[in-house]
>>> print(open('start.cif').read())   # mmCIF, C-alpha atoms and all ligand atoms
data_upload
#
loop_
_atom_site.label_atom_id
_atom_site.label_comp_id
_atom_site.auth_asym_id
_atom_site.auth_seq_id
_atom_site.Cartn_x
_atom_site.Cartn_y
_atom_site.Cartn_z
CA MET G 42 11.87 -60.38 52.05
CA ALA G 43 14.87 -58.15 51.41
CA THR G 44 16.55 -60.93 49.49
CA GLY G 45 14.00 -63.74 49.36
CA PRO G 46 10.70 -64.14 47.58
CA THR G 47 7.76 -61.81 48.16
CA ARG G 48 5.41 -63.74 50.45
CA TRP G 49 1.77 -63.11 49.58
CA GLY G 50 -1.39 -63.65 51.58
CA VAL G 51 -4.69 -63.72 49.70
CA ILE G 52 -8.07 -62.83 51.15
CA GLY G 53 -11.22 -63.98 49.43
CA ALA G 54 -11.45 -67.38 47.81
CA GLY G 55 -13.63 -66.33 44.91
CA GLN G 56 -13.31 -65.98 41.16
CA ILE G 57 -10.67 -63.32 40.79
CA SER G 58 -8.55 -64.77 43.59
CA ASN G 59 -8.47 -68.03 41.65
CA ASP G 60 -7.18 -66.26 38.55
CA TRP G 61 -4.81 -64.02 40.46
CA VAL G 62 -3.18 -66.95 42.29
CA ASN G 63 -2.87 -68.98 39.08
CA ALA G 64 -1.29 -65.97 37.38
CA ALA G 65 1.11 -65.29 40.25
CA GLN G 66 2.11 -68.93 40.22
CA THR G 67 3.38 -68.57 36.65
CA LEU G 68 6.18 -66.41 38.11
CA PRO G 69 9.45 -67.82 39.50
CA LYS G 70 9.11 -69.27 43.02
CA GLU G 71 12.31 -67.51 44.02
CA GLU G 72 10.42 -64.23 43.51
CA HIS G 73 6.81 -64.89 44.50
CA VAL G 74 5.32 -67.34 46.95
CA ILE G 75 1.59 -67.52 47.67
CA LEU G 76 1.99 -68.41 51.30
CA ALA G 77 -1.49 -68.10 52.77
CA VAL G 78 -5.16 -67.70 52.00
CA ALA G 79 -8.16 -66.77 54.14
CA ALA G 80 -11.87 -66.68 53.45
CA ARG G 81 -14.96 -65.87 55.47
CA ASN G 82 -15.57 -69.59 55.72
CA PRO G 83 -12.46 -71.52 56.87
CA ASP G 84 -13.53 -74.60 54.86
CA SER G 85 -13.56 -72.55 51.70
CA ALA G 86 -10.03 -71.27 52.47
CA ALA G 87 -8.86 -74.84 53.11
CA THR G 88 -10.31 -76.04 49.81
CA PHE G 89 -8.79 -73.11 47.93
CA ALA G 90 -5.39 -73.75 49.58
CA LYS G 91 -5.50 -77.40 48.57
CA GLU G 92 -6.50 -76.62 44.99
CA HIS G 93 -3.75 -74.03 44.61
CA ASP G 94 -1.01 -75.69 46.62
CA ILE G 95 -0.93 -72.86 49.17
CA PRO G 96 0.83 -73.87 52.43
CA LYS G 97 -1.44 -72.06 54.91
CA ALA G 98 -5.22 -71.66 55.14
CA HIS G 99 -6.08 -69.25 57.92
CA LYS G 100 -9.30 -69.38 59.87
CA SER G 101 -10.12 -65.70 59.34
CA TYR G 102 -8.94 -62.67 57.40
CA GLU G 103 -7.56 -61.26 60.64
CA ASP G 104 -5.48 -64.38 61.30
CA LEU G 105 -3.91 -63.92 57.88
CA PHE G 106 -3.19 -60.24 58.55
CA LYS G 107 -1.51 -61.28 61.82
CA ASP G 108 0.71 -63.87 60.12
CA PRO G 109 4.29 -62.55 60.50
CA GLU G 110 5.42 -64.48 57.43
CA VAL G 111 3.07 -62.60 55.09
CA ASP G 112 4.67 -59.52 53.50
CA VAL G 113 1.85 -58.30 51.31
CA VAL G 114 -1.87 -58.98 51.13
CA TYR G 115 -3.87 -59.33 47.93
CA ILE G 116 -7.52 -58.43 48.50
CA GLY G 117 -9.77 -60.28 46.05
CA THR G 118 -13.13 -59.61 47.69
CA LEU G 119 -16.11 -57.47 46.65
CA HIS G 120 -15.44 -53.73 46.82
CA THR G 121 -18.21 -53.20 49.40
CA GLU G 122 -15.80 -54.90 51.82
CA HIS G 123 -12.53 -53.20 50.90
CA ILE G 124 -12.77 -50.24 53.28
CA ARG G 125 -12.61 -52.41 56.39
CA GLN G 126 -10.28 -55.06 55.03
CA VAL G 127 -7.63 -52.70 53.66
CA LYS G 128 -7.49 -50.76 56.94
CA GLN G 129 -7.17 -53.92 58.99
CA ALA G 130 -4.39 -55.29 56.79
CA LEU G 131 -2.52 -51.98 57.06
CA ASP G 132 -3.07 -51.96 60.84
CA TYR G 133 -1.16 -55.23 61.01
CA GLY G 134 1.68 -53.70 59.01
CA LYS G 135 0.97 -55.41 55.70
CA HIS G 136 1.52 -53.93 52.27
CA VAL G 137 -1.68 -54.16 50.21
CA LEU G 138 -2.70 -54.78 46.61
CA CYS G 139 -6.49 -54.35 46.48
CA GLU G 140 -8.86 -55.26 43.65
CA LYS G 141 -10.57 -52.60 41.61
CA PRO G 142 -12.57 -50.54 42.25
CA LEU G 143 -10.62 -49.71 45.37
CA ALA G 144 -13.71 -48.52 47.22
CA MET G 145 -17.35 -47.57 46.78
CA ASN G 146 -16.98 -43.81 46.49
CA VAL G 147 -14.63 -40.85 46.78
CA LYS G 148 -15.07 -40.58 50.54
CA GLU G 149 -13.92 -44.18 51.15
CA THR G 150 -11.13 -43.91 48.58
CA LYS G 151 -9.71 -40.79 50.23
CA GLU G 152 -9.93 -42.44 53.62
CA LEU G 153 -7.94 -45.45 52.41
CA VAL G 154 -5.35 -43.41 50.54
CA GLU G 155 -4.71 -41.23 53.59
CA TYR G 156 -4.62 -44.25 55.86
CA ALA G 157 -2.01 -46.06 53.76
CA ARG G 158 0.09 -42.96 53.33
CA LYS G 159 0.17 -42.43 57.10
CA LYS G 160 1.25 -46.02 57.61
CA LYS G 161 3.97 -45.63 54.97
CA LEU G 162 3.12 -49.04 53.52
CA PHE G 163 2.84 -50.00 49.87
CA PHE G 164 -0.72 -49.67 48.57
CA MET G 165 -2.12 -50.03 45.08
CA GLU G 166 -5.49 -50.40 43.40
CA ALA G 167 -5.16 -53.46 41.18
CA ILE G 168 -5.53 -51.75 37.81
CA TRP G 169 -3.71 -54.61 36.11
CA SER G 170 -4.22 -53.10 32.63
CA ARG G 171 -1.42 -50.64 33.20
CA PHE G 172 1.25 -53.34 33.38
CA PHE G 173 0.46 -55.11 30.12
CA PRO G 174 3.23 -54.87 27.51
CA ALA G 175 0.69 -53.45 25.03
CA TYR G 176 0.02 -50.56 27.42
CA GLN G 177 3.72 -49.91 27.86
CA LYS G 178 4.13 -49.81 24.09
CA LEU G 179 1.13 -47.49 23.68
CA LYS G 180 2.67 -45.11 26.20
CA GLU G 181 5.99 -45.17 24.35
CA GLU G 182 4.27 -44.40 21.05
CA LEU G 183 2.26 -41.56 22.62
CA ALA G 184 5.43 -40.09 24.09
CA LYS G 185 7.14 -40.31 20.67
CA GLY G 186 4.23 -38.45 19.08
CA THR G 187 3.48 -41.27 16.64
CA ILE G 188 -0.12 -40.10 16.18
CA GLY G 189 0.58 -36.41 16.65
CA GLU G 190 -1.47 -34.27 19.02
CA VAL G 191 -4.12 -36.43 20.67
CA TYR G 192 -7.64 -34.99 20.79
CA SER G 193 -9.95 -37.89 21.33
CA VAL G 194 -10.30 -41.08 23.33
CA LEU G 195 -13.14 -43.53 22.69
CA VAL G 196 -13.66 -46.53 24.94
CA THR G 197 -16.38 -49.17 25.01
CA MET G 198 -16.75 -51.90 27.60
CA GLY G 199 -19.85 -54.05 27.54
CA ILE G 200 -20.35 -57.60 28.77
CA GLN G 201 -23.67 -59.38 28.96
CA PHE G 202 -23.88 -60.41 32.60
CA PRO G 203 -26.61 -62.78 33.82
CA GLU G 204 -29.42 -61.06 35.73
CA ASP G 205 -28.33 -62.62 39.01
CA ASN G 206 -24.67 -61.56 38.76
CA TRP G 207 -23.62 -59.34 41.71
CA ARG G 208 -22.39 -56.81 39.14
CA ARG G 209 -26.06 -55.95 38.54
CA ASP G 210 -27.01 -55.68 42.20
CA LYS G 211 -26.60 -52.34 43.92
CA LYS G 212 -26.33 -53.73 47.43
CA ASN G 213 -23.26 -55.75 46.36
CA GLY G 214 -21.59 -52.72 44.79
CA GLY G 215 -23.02 -53.52 41.36
CA GLY G 216 -23.19 -51.06 38.50
CA THR G 217 -21.27 -50.76 35.25
CA VAL G 218 -19.56 -47.52 36.22
CA LEU G 219 -17.86 -49.05 39.24
CA ASP G 220 -17.05 -52.29 37.46
CA MET G 221 -16.23 -51.32 33.88
CA GLY G 222 -15.99 -47.56 34.26
CA THR G 223 -12.85 -48.17 36.30
CA TYR G 224 -11.16 -49.55 33.21
CA ALA G 225 -12.60 -46.97 30.83
CA THR G 226 -11.58 -44.03 33.01
CA GLN G 227 -8.09 -45.40 33.64
CA PHE G 228 -7.59 -45.43 29.88
CA ALA G 229 -8.71 -41.82 29.48
CA SER G 230 -6.55 -40.85 32.41
CA LEU G 231 -3.52 -42.65 30.97
CA VAL G 232 -3.79 -40.74 27.71
CA PHE G 233 -4.67 -37.31 29.14
CA LYS G 234 -2.52 -37.72 32.22
CA ASP G 235 -1.37 -34.13 32.45
CA LEU G 236 -4.80 -32.57 31.97
CA LYS G 237 -7.37 -31.86 34.65
CA PRO G 238 -10.93 -32.58 33.47
CA VAL G 239 -12.96 -29.38 33.16
CA LYS G 240 -16.36 -31.05 32.90
CA ILE G 241 -17.76 -34.56 33.22
CA LEU G 242 -21.04 -35.41 31.51
CA GLY G 243 -22.80 -38.68 32.28
CA GLY G 244 -26.04 -40.47 31.57
CA GLY G 245 -27.37 -44.00 31.47
CA HIS G 246 -29.98 -46.43 32.68
CA LEU G 247 -30.71 -47.89 36.09
CA ASN G 248 -31.78 -51.47 36.66
CA ASN G 249 -34.35 -52.60 39.23
CA SER G 250 -31.78 -52.67 42.04
CA GLY G 251 -30.91 -49.01 41.41
CA ALA G 252 -27.46 -49.74 39.97
CA ASP G 253 -26.54 -48.50 36.51
CA ASP G 254 -26.89 -51.08 33.75
CA SER G 255 -25.34 -48.77 31.19
CA SER G 256 -23.49 -45.51 31.06
CA SER G 257 -22.47 -43.05 28.42
CA SER G 258 -20.11 -40.31 29.48
CA THR G 259 -17.85 -37.65 28.11
CA ILE G 260 -14.95 -36.15 29.99
CA ILE G 261 -14.13 -32.71 28.68
CA TYR G 262 -10.47 -31.80 29.02
CA PRO G 263 -8.96 -28.42 28.17
CA ASN G 264 -7.75 -27.48 24.68
CA GLY G 265 -10.45 -29.28 22.68
CA LYS G 266 -9.74 -32.74 24.07
CA THR G 267 -12.40 -35.27 25.05
CA ALA G 268 -12.80 -38.85 26.22
CA THR G 269 -16.04 -40.65 25.45
CA LEU G 270 -16.79 -43.80 27.39
CA LEU G 271 -19.56 -46.41 27.12
CA THR G 272 -20.25 -49.21 29.59
CA HIS G 273 -22.99 -51.84 29.41
CA GLY G 274 -23.96 -54.86 31.47
CA GLY G 275 -26.62 -56.15 29.10
CA VAL G 276 -24.86 -56.32 25.73
CA ASN G 277 -21.39 -57.10 24.48
CA LEU G 278 -19.70 -53.98 23.12
CA PRO G 279 -16.52 -53.92 20.97
CA ASN G 280 -14.39 -53.66 24.13
CA GLU G 281 -11.80 -51.53 22.39
CA ALA G 282 -10.01 -48.35 23.40
CA LEU G 283 -9.07 -45.86 20.69
CA VAL G 284 -6.81 -42.88 20.95
CA ILE G 285 -7.02 -40.48 18.06
CA GLY G 286 -4.52 -37.81 17.14
CA THR G 287 -3.74 -35.42 14.30
CA LYS G 288 -1.58 -38.03 12.57
CA GLY G 289 -3.59 -41.18 13.14
CA THR G 290 -5.18 -43.60 15.55
CA MET G 291 -3.99 -46.28 17.94
CA LYS G 292 -6.24 -48.96 19.32
CA LEU G 293 -5.95 -51.44 22.19
CA ARG G 294 -8.13 -54.50 21.94
CA ASN G 295 -8.66 -58.16 22.66
CA PRO G 296 -10.02 -56.65 25.01
CA PHE G 297 -8.66 -53.20 25.86
CA TRP G 298 -8.44 -53.60 29.66
CA CYS G 299 -6.15 -56.64 29.33
CA ALA G 300 -5.03 -55.99 25.79
CA THR G 301 -2.99 -58.39 23.74
CA THR G 302 -3.31 -56.35 20.54
CA LEU G 303 -2.16 -52.84 19.81
CA GLU G 304 -2.92 -51.29 16.45
CA THR G 305 -0.68 -48.43 15.42
CA PRO G 306 -0.43 -46.55 12.10
CA ASP G 307 2.67 -48.69 11.41
CA GLY G 308 1.00 -52.04 11.95
CA VAL G 309 -0.62 -54.44 14.36
CA LEU G 310 1.37 -55.70 17.34
CA GLU G 311 0.34 -58.90 19.08
CA TYR G 312 1.51 -59.82 22.58
CA GLU G 313 1.55 -63.33 24.01
CA LEU G 314 0.38 -63.88 27.55
CA PRO G 315 2.05 -66.12 30.13
CA LYS G 316 0.69 -69.66 29.90
CA THR G 317 -1.15 -71.75 32.47
CA ASP G 318 -3.01 -75.02 32.33
CA LYS G 319 -5.22 -73.96 35.24
CA VAL G 320 -8.88 -73.06 34.80
CA MET G 321 -9.34 -69.27 34.65
CA ASN G 322 -12.58 -67.33 35.10
CA PHE G 323 -11.83 -64.10 33.26
CA TRP G 324 -10.23 -63.05 29.99
CA ASN G 325 -6.43 -62.95 29.68
CA CYS G 326 -6.00 -63.35 33.39
CA THR G 327 -2.49 -64.78 33.32
CA GLY G 328 -1.74 -61.12 32.56
CA LEU G 329 -2.47 -60.40 36.22
CA SER G 330 1.11 -61.55 36.75
CA TYR G 331 2.42 -58.25 35.30
CA GLN G 332 1.01 -56.26 38.20
CA VAL G 333 2.22 -58.90 40.67
CA LYS G 334 5.73 -58.30 39.36
CA GLU G 335 5.24 -54.55 39.69
CA VAL G 336 4.39 -54.88 43.38
CA ARG G 337 7.63 -56.76 44.05
CA ARG G 338 9.59 -54.24 42.02
CA CYS G 339 8.14 -51.41 44.11
CA LEU G 340 8.74 -53.21 47.41
CA LEU G 341 12.36 -53.93 46.51
CA ALA G 342 12.83 -50.30 45.48
CA GLY G 343 11.30 -49.10 48.77
CA LEU G 344 8.34 -47.46 47.01
CA THR G 345 4.98 -47.16 48.75
CA GLU G 346 3.14 -46.39 45.49
CA SER G 347 3.58 -47.57 41.94
CA PRO G 348 4.48 -44.69 39.62
CA GLU G 349 2.40 -46.46 37.00
CA MET G 350 -0.76 -46.47 39.12
CA SER G 351 -0.36 -43.87 41.85
CA LEU G 352 -2.80 -43.22 44.66
CA ASP G 353 -3.45 -39.74 43.27
CA GLU G 354 -4.63 -41.37 40.08
CA THR G 355 -6.75 -43.84 42.04
CA LEU G 356 -8.43 -40.81 43.64
CA LEU G 357 -9.00 -39.19 40.27
CA LEU G 358 -10.63 -42.38 38.94
CA ALA G 359 -12.90 -42.48 42.00
CA GLU G 360 -13.92 -38.87 41.34
CA LEU G 361 -14.67 -39.56 37.68
CA ARG G 362 -16.74 -42.64 38.51
CA GLU G 363 -18.67 -40.85 41.22
CA SER G 364 -19.51 -37.91 39.02
CA ILE G 365 -20.71 -40.16 36.19
CA ARG G 366 -22.80 -42.53 38.28
CA LYS G 367 -24.37 -39.75 40.34
CA GLN G 368 -25.55 -38.10 37.11
CA ILE G 369 -27.19 -41.43 36.23
CA GLY G 370 -28.84 -41.44 39.66
CA VAL G 371 -26.87 -44.17 41.42
CA GLU G 372 -26.54 -43.66 45.17
CA TYR G 373 -24.90 -46.32 47.30
CA PRO G 374 -25.63 -46.83 51.01
CA GLN G 375 -21.96 -45.95 51.59
CA ASP G 376 -22.40 -42.43 50.08
N1 LIG G 401 -8.87 -57.52 37.87
C1 LIG G 401 -9.79 -58.23 37.30
O1 LIG G 401 -9.65 -58.71 36.22
C2 LIG G 401 -11.07 -58.51 38.03
C3 LIG G 401 -11.39 -57.83 39.17
N2 LIG G 401 -12.52 -58.12 39.83
C4 LIG G 401 -12.80 -57.41 41.09
O2 LIG G 401 -12.53 -58.33 42.16
C5 LIG G 401 -13.52 -58.27 43.17
C6 LIG G 401 -14.13 -59.65 43.38
O3 LIG G 401 -14.78 -60.08 42.22
P1 LIG G 401 -15.07 -61.64 41.92
O4 LIG G 401 -13.91 -62.45 42.35
O5 LIG G 401 -15.54 -61.74 40.55
O6 LIG G 401 -16.28 -61.89 42.92
P2 LIG G 401 -16.78 -63.18 43.68
O7 LIG G 401 -18.25 -63.20 43.58
O8 LIG G 401 -16.06 -64.39 43.25
O9 LIG G 401 -16.44 -62.82 45.20
C7 LIG G 401 -15.14 -62.64 45.65
C8 LIG G 401 -15.09 -62.79 47.15
O10 LIG G 401 -15.73 -61.70 47.80
C9 LIG G 401 -16.31 -62.14 49.02
N3 LIG G 401 -17.75 -61.87 48.98
C10 LIG G 401 -18.61 -62.20 48.02
N4 LIG G 401 -19.86 -61.81 48.33
C11 LIG G 401 -19.78 -61.21 49.53
C12 LIG G 401 -20.71 -60.61 50.40
N5 LIG G 401 -22.01 -60.54 50.09
N6 LIG G 401 -20.27 -60.09 51.55
C13 LIG G 401 -18.96 -60.15 51.89
N7 LIG G 401 -18.01 -60.72 51.11
C14 LIG G 401 -18.43 -61.23 49.94
C15 LIG G 401 -16.07 -63.65 49.11
O11 LIG G 401 -14.93 -63.85 49.93
P3 LIG G 401 -14.73 -65.22 50.74
O12 LIG G 401 -14.18 -66.18 49.75
O13 LIG G 401 -13.79 -64.86 51.82
O14 LIG G 401 -16.06 -65.61 51.25
C16 LIG G 401 -15.81 -64.01 47.68
O15 LIG G 401 -15.04 -65.16 47.49
C17 LIG G 401 -14.49 -57.18 42.73
O16 LIG G 401 -14.18 -56.00 43.40
C18 LIG G 401 -14.26 -57.04 41.23
O17 LIG G 401 -14.52 -55.74 40.74
C19 LIG G 401 -13.34 -59.12 39.41
C20 LIG G 401 -13.09 -59.79 38.28
C21 LIG G 401 -11.95 -59.53 37.46
O1 LIG G 402 -12.55 -56.52 36.52
C1 LIG G 402 -13.09 -57.18 35.69
O2 LIG G 402 -12.47 -57.70 34.74
C2 LIG G 402 -14.55 -57.28 35.79
O3 LIG G 402 -15.12 -57.42 36.99
C3 LIG G 402 -15.29 -57.29 34.54
O4 LIG G 402 -16.46 -56.64 34.61
C4 LIG G 402 -15.55 -58.54 33.84
O5 LIG G 402 -16.03 -59.52 34.58
C5 LIG G 402 -14.58 -58.86 32.76
O6 LIG G 402 -13.75 -59.90 32.91
#
>>> encode(input="start.cif", output="structure tokens")
Amino acid sequence: MATGPTRWGVIGAGQISNDWVNAAQTLPKEEHVILAVAARNPDSAATFAKEHDIPKAHKSYEDLFKDPEVDVVYIGTLHTEHIRQVKQALDYGKHVLCEKPLAMNVKETKELVEYARKKKLFFMEAIWSRFFPAYQKLKEELAKGTIGEVYSVLVTMGIQFPEDNWRRDKKNGGGTVLDMGTYATQFASLVFKDLKPVKILGGGHLNNSGADDSSSSTIIYPNGKTATLLTHGGVNLPNEALVIGTKGTMKLRNPFWCATTLETPDGVLEYELPKTDKVMNFWNCTGLSYQVKEVRRCLLAGLTESPEMSLDETLLLAELRESIRKQIGVEYPQD
């Protein structure tokens, strides 16, 4: 791979893997090749491979991890499964990009971070938001002091999921804090990156499975700064992220976790996404290609972590989520 394309193996033939592969395939073939896929059911991997023009369909996840031609594995499975799958991929010497949330709780997240660091392989939680051009621009404007001293972050993420969606089922890792709180907390953490939270307040409602159906939380940072976050699985919220300073406000939207619009005091900036004619499951998902590019950039530079989404930050997000959802009363079997 030193000179050739990055050769990807994908595990999980579900919804996000569909979007991720379609997004990665918008990139030049000289840089990224989706070489292999594996699923729990070999027939499902074969069908996925055919649909996406992927040369190899392996009979098991382990067969894919063993494939010497695969440089890096993308894990697109439910987060209840990540702990075992990430470790096995690393054991076979693969670099790993793993879907968010990286794991079920702080304990699992720490275990994975330490494991990857010991192996000295590239490892990243797939917080794709960070690599959107609108995020890069927001960071530039924050660094320039465009809105002065920032005191407040306000984020809402709410999507009306059907009752039978796994996101509402605790045994499948459901709960809005794990699903949407990952995005909300990464935004707070991006803005207040140099500050250690002094207090985390959380509340919300549980559904019948014992997962949270809504959350309302405030992260108190030092020096009068706060981030207020709402998540909801039963109603659509504005899905915007605001950052408010002494000289004005900036807002990411459309929606904030894969933003194509940035409002600044000087005007509204719109960003076009890469195009595909493939069927996508989730909003703005050709934007997954930005993080795919980041992984190659890091591999070529010999980095084992992305400076934009470090493993320390992944740990912090896990801690924030755990504190919030435990205050709501969500306990997972993995805790
Ligand atoms: N970055 C983003 O924009 C998004 C990220 N996500 C994240 O991606 C992950 C997958 O979500 P999504 O694709 O929507 O989910 P899917 O329901 O489509 O499931 C994905 C895959 O997970 C595996 N899986 C599903 N159920 C089980 C189970 N009960 N036991 C073991 N494995 C199971 C299957 O793998 P197999 O095919 O091998 O059977 C399945 O194809 C989640 O962690 C989610 O948070 C989800 C949506 C968007
Ligand atoms: O990661 C995601 O984007 C999610 O799983 C969301 O909760 C949602 O489905 C939005 O697309």
>>> closest_residue(input="start.cif", among="G:Ser250, G:Thr88, G:Thr269, G:Ser256", to="Val194 of chain G", atoms="only C-alpha atoms")
G:Thr269
>>> residues_near_point(input="start.cif", point="(-4.4, -55.2, 34.0)", cutoff="12 Å", atoms="all atoms listed in the file", output="count of residues only")
42
>>> closest_residue(input="start.cif", among="G:Lys107, G:Glu152, G:Asp253, G:Thr67", to="Asp318 of chain G", atoms="all atoms listed in the file")
G:Thr67
>>> closest_residue(input="start.cif", among="G:Ser58, G:Asn63, G:Ser193, G:Ser230", to="ligand LIG 402 (chain G)", atoms="only C-alpha atoms and all ligand atoms")
G:Ser58
>>> atom_distance(input="start.cif", atom1="atom C14 of ligand LIG 401 (chain G)", atom2="atom CA of Met165 of chain G")
20.4 Å
>>> residues_near_ligand(input="start.cif", ligand="ligand LIG 401 (chain G)", cutoff="9 Å", atoms="all atoms listed in the file", output="ChimeraX atom specification")
/G:52-61,79-83,85-86,89,101-102,116-123,139-144,167-170,206-208,212-215,219-221,223,298-299,322-326,329
>>> residues_around(input="start.cif", residues="segment 147-150 of chain G", least_positions_apart="4", cutoff="8 Å", atoms="only C-alpha atoms", output="ChimeraX atom specification")
/G:124,143,154,355-356,359-360,363,376
>>> closest_residue(input="start.cif", among="G:Leu358, G:Leu340, G:Met198, G:Val309", to="ligand LIG 402 (chain G)", atoms="all atoms listed in the file")
G:Met198
>>> atom_distance(input="start.cif", atom1="atom CA of Asn264 of chain G", atom2="atom CA of Leu183 of chain G")
17.4 Å
>>> atom_distance(input="start.cif", atom1="atom CA of Val371 of chain G", atom2="atom CA of Lys234 of chain G")
26.8 Å
>>> closest_residue(input="start.cif", among="G:Leu310, G:Trp49, G:Ala87, G:Lys100", to="Ile75 of chain G", atoms="all atoms listed in the file")
G:Trp49
>>> closest_residue(input="start.cif", among="G:His273, G:His136, G:Lys292, G:Arg158", to="ligand LIG 402 (chain G)", atoms="all atoms listed in the file")
G:His273
>>> residues_near_point(input="start.cif", point="(1.4, -53.9, 56.5)", cutoff="12 Å", atoms="all atoms listed in the file", output="PDB file with C-alpha atoms, in the frame of the given file")
ATOM      1  CA  TRP G  49       1.770 -63.110  49.580  1.00  0.00           C
ATOM      2  CA  GLY G  50      -1.390 -63.650  51.580  1.00  0.00           C
ATOM      3  CA  LEU G 105      -3.910 -63.920  57.880  1.00  0.00           C
ATOM      4  CA  PHE G 106      -3.190 -60.240  58.550  1.00  0.00           C
ATOM      5  CA  LYS G 107      -1.510 -61.280  61.820  1.00  0.00           C
ATOM      6  CA  ASP G 108       0.710 -63.870  60.120  1.00  0.00           C
ATOM      7  CA  PRO G 109       4.290 -62.550  60.500  1.00  0.00           C
ATOM      8  CA  GLU G 110       5.420 -64.480  57.430  1.00  0.00           C
ATOM      9  CA  VAL G 111       3.070 -62.600  55.090  1.00  0.00           C
ATOM     10  CA  ASP G 112       4.670 -59.520  53.500  1.00  0.00           C
ATOM     11  CA  VAL G 113       1.850 -58.300  51.310  1.00  0.00           C
ATOM     12  CA  VAL G 114      -1.870 -58.980  51.130  1.00  0.00           C
ATOM     13  CA  TYR G 115      -3.870 -59.330  47.930  1.00  0.00           C
ATOM     14  CA  GLN G 126     -10.280 -55.060  55.030  1.00  0.00           C
ATOM     15  CA  VAL G 127      -7.630 -52.700  53.660  1.00  0.00           C
ATOM     16  CA  LYS G 128      -7.490 -50.760  56.940  1.00  0.00           C
ATOM     17  CA  GLN G 129      -7.170 -53.920  58.990  1.00  0.00           C
ATOM     18  CA  ALA G 130      -4.390 -55.290  56.790  1.00  0.00           C
ATOM     19  CA  LEU G 131      -2.520 -51.980  57.060  1.00  0.00           C
ATOM     20  CA  ASP G 132      -3.070 -51.960  60.840  1.00  0.00           C
ATOM     21  CA  TYR G 133      -1.160 -55.230  61.010  1.00  0.00           C
ATOM     22  CA  GLY G 134       1.680 -53.700  59.010  1.00  0.00           C
ATOM     23  CA  LYS G 135       0.970 -55.410  55.700  1.00  0.00           C
ATOM     24  CA  HIS G 136       1.520 -53.930  52.270  1.00  0.00           C
ATOM     25  CA  VAL G 137      -1.680 -54.160  50.210  1.00  0.00           C
ATOM     26  CA  LEU G 138      -2.700 -54.780  46.610  1.00  0.00           C
ATOM     27  CA  TYR G 156      -4.620 -44.250  55.860  1.00  0.00           C
ATOM     28  CA  ALA G 157      -2.010 -46.060  53.760  1.00  0.00           C
ATOM     29  CA  ARG G 158       0.090 -42.960  53.330  1.00  0.00           C
ATOM     30  CA  LYS G 159       0.170 -42.430  57.100  1.00  0.00           C
ATOM     31  CA  LYS G 160       1.250 -46.020  57.610  1.00  0.00           C
ATOM     32  CA  LYS G 161       3.970 -45.630  54.970  1.00  0.00           C
ATOM     33  CA  LEU G 162       3.120 -49.040  53.520  1.00  0.00           C
ATOM     34  CA  PHE G 163       2.840 -50.000  49.870  1.00  0.00           C
ATOM     35  CA  PHE G 164      -0.720 -49.670  48.570  1.00  0.00           C
ATOM     36  CA  LEU G 340       8.740 -53.210  47.410  1.00  0.00           C
ATOM     37  CA  THR G 345       4.980 -47.160  48.750  1.00  0.00           C
TER      38      THR G 345
END
>>> axis_aligned_box(input="start.cif", around="ligand LIG 402 (chain G)", padding_each_side="8 Å", output="AutoDock Vina command-line options")
--center_x -14.5 --center_y -58.2 --center_z 34.9 --size_x 20.0 --size_y 19.4 --size_z 20.2
